[in-house]
Amino acid sequence: MPPVTVGEVSEQQIEDSNGKLRPGDFAGRPALEHQYNDLLQGTDGMRRVVVNSIGKEVDRLATQEAIPANRFS
(Lines give C-alpha, C1' and ligand atoms only; values in the text may rest on other atoms or scores of the structure.)
Protein backbone atom coordinates (compact mmCIF):
# COMPACT_ATOMS: atom_id res chain seq x y z
CA MET A 1 0.00 0.00 0.00
CA PRO A 2 1.47 3.43 -0.92
CA PRO A 3 2.12 5.96 1.87
CA VAL A 4 -0.61 8.48 2.70
CA THR A 5 0.25 11.80 1.07
CA VAL A 6 -2.78 13.84 2.16
CA GLY A 7 -4.18 13.95 5.66
CA GLU A 8 -5.70 16.05 8.41
CA VAL A 9 -3.46 18.92 9.48
CA SER A 10 -1.54 18.76 12.75
CA GLU A 11 -1.54 21.41 15.47
CA GLN A 12 1.94 22.46 14.33
CA GLN A 13 0.79 22.92 10.72
CA ILE A 14 -2.12 25.06 11.97
CA GLU A 15 0.24 27.24 14.03
CA ASP A 16 2.65 27.62 11.08
CA SER A 17 -0.10 28.49 8.56
CA ASN A 18 -0.74 32.13 9.59
CA GLY A 19 -4.47 31.48 9.86
CA LYS A 20 -4.85 29.59 6.55
CA LEU A 21 -5.50 26.20 8.19
CA ARG A 22 -8.00 25.19 10.88
CA PRO A 23 -8.67 21.93 12.75
CA GLY A 24 -10.30 19.44 10.39
CA ASP A 25 -8.60 20.81 7.26
CA PHE A 26 -6.66 18.44 5.00
CA ALA A 27 -3.27 19.20 3.47
CA GLY A 28 -0.49 17.48 1.57
CA ARG A 29 2.05 15.60 3.65
CA PRO A 30 5.81 15.85 3.02
CA ALA A 31 5.87 14.87 -0.64
CA LEU A 32 4.91 16.43 -3.94
CA GLU A 33 1.46 17.37 -2.58
CA HIS A 34 3.07 19.27 0.31
CA GLN A 35 5.27 21.25 -2.07
CA TYR A 36 2.25 22.40 -4.11
CA ASN A 37 -0.31 22.61 -1.28
CA ASP A 38 -0.62 26.42 -1.45
CA LEU A 39 -1.51 26.18 -5.16
CA LEU A 40 -3.87 23.25 -4.71
CA GLN A 41 -5.81 24.61 -1.74
CA GLY A 42 -8.66 27.09 -2.14
CA THR A 43 -9.91 29.56 0.46
CA ASP A 44 -12.87 28.84 2.74
CA GLY A 45 -15.98 30.94 2.47
CA MET A 46 -17.87 32.37 5.42
CA ARG A 47 -21.42 33.36 6.32
CA ARG A 48 -22.46 35.06 9.57
CA VAL A 49 -26.15 34.97 10.38
CA VAL A 50 -28.53 35.73 13.20
CA VAL A 51 -30.92 32.91 14.12
CA ASN A 52 -33.98 32.85 16.34
CA SER A 53 -34.56 30.47 19.26
CA ILE A 54 -35.48 27.57 16.93
CA GLY A 55 -32.48 28.02 14.65
CA LYS A 56 -34.24 29.78 11.79
CA GLU A 57 -32.10 32.35 9.99
CA VAL A 58 -33.59 35.83 10.55
CA ASP A 59 -30.76 38.10 9.37
CA ARG A 60 -27.52 37.84 7.43
CA LEU A 61 -24.59 39.86 8.82
CA ALA A 62 -21.74 39.05 6.45
CA THR A 63 -20.90 36.72 3.57
CA GLN A 64 -17.61 35.86 1.92
CA GLU A 65 -17.63 33.50 -1.05
CA ALA A 66 -15.24 30.56 -1.11
CA ILE A 67 -12.41 30.72 -3.64
CA PRO A 68 -11.90 27.39 -5.42
CA ALA A 69 -8.46 25.84 -5.72
CA ASN A 70 -6.39 26.30 -8.87
CA ARG A 71 -7.15 23.68 -11.50
CA PHE A 72 -4.38 21.93 -13.35
CA SER A 73 -5.04 20.27 -16.67
# chains A, B, ... in the order shown; residues from 1 in each chain; ligands from 1
>>> residues_around(residues="segment 42-44 of chain A", least_positions_apart="4", cutoff="12 Å", atoms="only C-alpha atoms", output="PyMOL selection string")
chain A and resi 19-22+25-27+37-38+63-71
>>> select_by_dssp(residues="chain A", states="helix (DSSP H, G or I)", output="VMD selection string")
chain A and resid 11 to 16 32 to 35 37 to 40
>>> write_last_selection(atoms="N, CA and C atoms", output="PDB file, in the first residue's frame")
ATOM      1  N   GLU A  11      -1.540  20.143  14.736  1.00  0.00           N
ATOM      2  CA  GLU A  11      -1.543  21.408  15.469  1.00  0.00           C
ATOM      3  C   GLU A  11      -0.382  22.290  15.023  1.00  0.00           C
ATOM      4  N   GLN A  12       0.774  21.686  14.771  1.00  0.00           N
ATOM      5  CA  GLN A  12       1.944  22.459  14.333  1.00  0.00           C
ATOM      6  C   GLN A  12       1.703  23.101  12.968  1.00  0.00           C
ATOM      7  N   GLN A  13       1.095  22.351  12.039  1.00  0.00           N
ATOM      8  CA  GLN A  13       0.786  22.917  10.725  1.00  0.00           C
ATOM      9  C   GLN A  13      -0.194  24.083  10.850  1.00  0.00           C
ATOM     10  N   ILE A  14      -1.163  23.985  11.755  1.00  0.00           N
ATOM     11  CA  ILE A  14      -2.121  25.065  11.967  1.00  0.00           C
ATOM     12  C   ILE A  14      -1.401  26.301  12.484  1.00  0.00           C
ATOM     13  N   GLU A  15      -0.520  26.116  13.471  1.00  0.00           N
ATOM     14  CA  GLU A  15       0.238  27.243  14.030  1.00  0.00           C
ATOM     15  C   GLU A  15       1.125  27.899  12.977  1.00  0.00           C
ATOM     16  N   ASP A  16       1.720  27.107  12.097  1.00  0.00           N
ATOM     17  CA  ASP A  16       2.649  27.625  11.085  1.00  0.00           C
ATOM     18  C   ASP A  16       1.947  28.219   9.871  1.00  0.00           C
ATOM     19  N   LEU A  32       5.254  15.504  -2.869  1.00  0.00           N
ATOM     20  CA  LEU A  32       4.913  16.429  -3.942  1.00  0.00           C
ATOM     21  C   LEU A  32       3.684  17.270  -3.581  1.00  0.00           C
ATOM     22  N   GLU A  33       2.673  16.643  -2.959  1.00  0.00           N
ATOM     23  CA  GLU A  33       1.462  17.365  -2.576  1.00  0.00           C
ATOM     24  C   GLU A  33       1.777  18.494  -1.605  1.00  0.00           C
ATOM     25  N   HIS A  34       2.696  18.250  -0.662  1.00  0.00           N
ATOM     26  CA  HIS A  34       3.067  19.271   0.310  1.00  0.00           C
ATOM     27  C   HIS A  34       3.718  20.464  -0.385  1.00  0.00           C
ATOM     28  N   GLN A  35       4.569  20.193  -1.347  1.00  0.00           N
ATOM     29  CA  GLN A  35       5.272  21.254  -2.073  1.00  0.00           C
ATOM     30  C   GLN A  35       4.293  22.177  -2.794  1.00  0.00           C
ATOM     31  N   ASN A  37       0.924  22.461  -2.047  1.00  0.00           N
ATOM     32  CA  ASN A  37      -0.311  22.610  -1.282  1.00  0.00           C
ATOM     33  C   ASN A  37      -0.908  24.009  -1.396  1.00  0.00           C
ATOM     34  N   ASP A  38      -0.092  25.062  -1.355  1.00  0.00           N
ATOM     35  CA  ASP A  38      -0.621  26.423  -1.451  1.00  0.00           C
ATOM     36  C   ASP A  38      -1.321  26.668  -2.785  1.00  0.00           C
ATOM     37  N   LEU A  39      -0.859  26.028  -3.859  1.00  0.00           N
ATOM     38  CA  LEU A  39      -1.505  26.180  -5.162  1.00  0.00           C
ATOM     39  C   LEU A  39      -2.765  25.329  -5.278  1.00  0.00           C
ATOM     40  N   LEU A  40      -2.769  24.191  -4.590  1.00  0.00           N
ATOM     41  CA  LEU A  40      -3.870  23.249  -4.711  1.00  0.00           C
ATOM     42  C   LEU A  40      -5.043  23.561  -3.779  1.00  0.00           C
TER      43      LEU A  40
END
>>> atom_distance(atom1="atom CA of Val51 of chain A", atom2="atom CA of Pro23 of chain A")
24.8 Å
>>> atom_distance(atom1="atom CA of Met46 of chain A", atom2="atom CA of Val6 of chain A")
24.1 Å
>>> residues_around(residues="Val50 of chain A", least_positions_apart="4", cutoff="7 Å", atoms="only C-alpha atoms", output="VMD selection string")
chain A and resid 57 to 60
>>> write_last_selection(atoms="all heavy atoms", output="PDB file, in the first residue's frame")
ATOM      1  N   GLU A  57     -32.872  31.162  10.352  1.00  0.00           N
ATOM      2  CA  GLU A  57     -32.104  32.354   9.994  1.00  0.00           C
ATOM      3  C   GLU A  57     -33.054  33.543   9.864  1.00  0.00           C
ATOM      4  O   GLU A  57     -34.029  33.492   9.128  1.00  0.00           O
ATOM      5  CB  GLU A  57     -31.375  32.120   8.672  1.00  0.00           C
ATOM      6  CG  GLU A  57     -30.487  33.258   8.257  1.00  0.00           C
ATOM      7  CD  GLU A  57     -29.733  32.974   6.961  1.00  0.00           C
ATOM      8  OE1 GLU A  57     -29.237  31.836   6.791  1.00  0.00           O
ATOM      9  OE2 GLU A  57     -29.658  33.887   6.133  1.00  0.00           O
ATOM     10  N   VAL A  58     -32.748  34.643  10.599  1.00  0.00           N
ATOM     11  CA  VAL A  58     -33.589  35.832  10.553  1.00  0.00           C
ATOM     12  C   VAL A  58     -32.860  37.045   9.990  1.00  0.00           C
ATOM     13  O   VAL A  58     -33.500  38.026   9.619  1.00  0.00           O
ATOM     14  CB  VAL A  58     -34.185  36.173  11.943  1.00  0.00           C
ATOM     15  CG1 VAL A  58     -35.132  35.077  12.399  1.00  0.00           C
ATOM     16  CG2 VAL A  58     -33.100  36.417  12.968  1.00  0.00           C
ATOM     17  N   ASP A  59     -31.536  36.984   9.928  1.00  0.00           N
ATOM     18  CA  ASP A  59     -30.764  38.100   9.374  1.00  0.00           C
ATOM     19  C   ASP A  59     -29.398  37.582   8.948  1.00  0.00           C
ATOM     20  O   ASP A  59     -28.864  36.644   9.531  1.00  0.00           O
ATOM     21  CB  ASP A  59     -30.602  39.212  10.413  1.00  0.00           C
ATOM     22  CG  ASP A  59     -30.129  40.526   9.830  1.00  0.00           C
ATOM     23  OD1 ASP A  59     -30.159  40.688   8.590  1.00  0.00           O
ATOM     24  OD2 ASP A  59     -29.738  41.405  10.618  1.00  0.00           O
ATOM     25  N   ARG A  60     -28.854  38.202   7.913  1.00  0.00           N
ATOM     26  CA  ARG A  60     -27.522  37.844   7.435  1.00  0.00           C
ATOM     27  C   ARG A  60     -26.604  39.023   7.702  1.00  0.00           C
ATOM     28  O   ARG A  60     -26.856  40.132   7.258  1.00  0.00           O
ATOM     29  CB  ARG A  60     -27.572  37.528   5.948  1.00  0.00           C
ATOM     30  CG  ARG A  60     -26.303  36.918   5.426  1.00  0.00           C
ATOM     31  CD  ARG A  60     -26.461  36.398   4.045  1.00  0.00           C
ATOM     32  NE  ARG A  60     -27.319  35.203   4.085  1.00  0.00           N
ATOM     33  CZ  ARG A  60     -27.545  34.418   3.054  1.00  0.00           C
ATOM     34  NH1 ARG A  60     -26.999  34.687   1.898  1.00  0.00           N
ATOM     35  NH2 ARG A  60     -28.316  33.363   3.155  1.00  0.00           N
TER      36      ARG A  60
END
>>> select_by_dssp(residues="chain A", states="strand (DSSP E or B)", output="PyMOL selection string")
chain A and resi 6-8+26-28+43+46-51+57-64+67
>>> atom_distance(atom1="atom CA of Arg47 of chain A", atom2="atom CA of Gly7 of chain A")
26.0 Å
